[in-house]
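Each remark here refers to the structure printed beneath this line.
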Amino acid sequence: MTAFVRGPVGWVEVICGPMFSGKSEELIRRLRRAQIARQRVQVFKPVIDDRYSDEEIVSHSAQRIPAHNVRTAREIMEGVEPRTQVVGIDEAHFYDDEIATVVESLANVGKRVIVAGLDLDYLGQPFEHVTRLLAQAEEITKSLAICMRCGNPASRTQRLVASEERIVVGGARAYEARCRQCFEPRLSQVELALEDRGRARKAGQ
Ligand code: ADP
Ligand code: ZN
């Protein structure tokens with residue numbers, strides 16, 4: 001697509017899929033290429049995700065790129081400088097519902113906006129803001145991980161800890177990628193708590 005673009009037309013690319021599917025990796029790859037092409041790039045990450053180092057996006061495969069920490073979608077809008085050509089946004093599902101409006105406004109003033117985020121929550125239900133972004137986008141990439149149960153392509157994120165909060169921040173200890181067949185969204189909280197305890201016991205051995 002980029003090869004045919006003349007001037008600052010502005011558009012939205014969304015990279016979605018489950019955890020561990022390479023969304024951050026792909027976001028970082030695209031942003032790096034833009035930097036190599038000497039375009040002005042700004043990257044944003046929500047401060048809620050404090051799993052890794054602070055002022056950068058780090059993928060599960062340890063790829064990294066410096067990023068501004070923000071707490072709201074509006075802070076992205078306020079943080080984008082007029083000269084910026086490419087805006088990268090990771091973990092789109094963590095933002096408030098203003099994120100789709102912000103992304104749309106940035107694209108409308110000529111920015112290339114690349115957004116990565118989960119399309120489905122731990123129950124397999126769509127994250128509404130991400131769904132809206134998908135509808136607004138010029139280009140969509142759906143990435144798949146590898147199912148940790150059977151090795152097939154995985155489109156779902158299995159929560160491994162007992163919680164009914166929609167947002168529970170965690171990495172490989174709290175989540176794993178699963179295919180449609182192996183995904184167990186309704187695993188009861190009791191079963192999860194038991195599995196949790198079993199894992200903790202094994203880790204302590
Ligand atoms: P996402 O942003 O989608 O969570 P990342 O880009 O952070 O994904 O990480 C992708 C990397 O995660 C892969 O390149 C691989 O090294 C690692 N990984 C860990 N578990 C899996 C899995 N089940 N399937 C595929 N990749 C995995
Ligand atoms: Zn499977």
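Ordered as shown in the structure tokens, chains take letters A, B, and onward, while each chain numbers its residues from 1 and ligands are numbered from 1 in the order shown.
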Inset, instruction - Residues up to 9 Å from ligand 1, counting only C-alpha atoms and all ligand atoms: could you list those as number ranges by chain? - result: A: 15-28, 57-63, 90-91, 116-118, 143-148, 151, 153-154, 171-172, 176-178
Inset, instruction - Identify all residues of region 7-172 of chain A in helix (DSSP H, G or I) (DSSP on the backbone) and supply them as a PyMOL selection string. - result: chain A and resi 23-36+73-79+92-94+99-108+128-136
Legend entry - Residue contacts of region 32-35 of chain A (12 Å, only C-alpha atoms) excluding same-chain residues fewer than 4 positions away, as number ranges by chain: A: 2, 24-28, 39-43, 63-66, 84-88, 112-114
Inset, instruction - Apply DSSP to the backbone of this structure and, from region 15-129 of chain A, keep only the residues in strand (DSSP E or B); write these as JSON, numbers by chain. - result: {"A": [15, 16, 41, 42, 43, 44, 45, 46, 56, 57, 58, 64, 65, 66, 68, 69, 70, 86, 87, 88, 89, 112, 113, 114, 115, 116, 117, 120, 126]}
Inset, instruction - Identify, on the basis of only C-alpha atoms, every residue whose closest approach to Leu120 (chain A) does not exceed 12 Å; exclude the query and any residue fewer than 2 positions from it along the same chain; express the result as JSON, numbers by chain. - result: {"A": [16, 17, 18, 19, 92, 93, 94, 117, 118, 122, 123, 124, 125, 126, 127, 128, 129, 130, 131, 142, 155, 156, 157, 158, 159, 166, 167, 177, 185]}
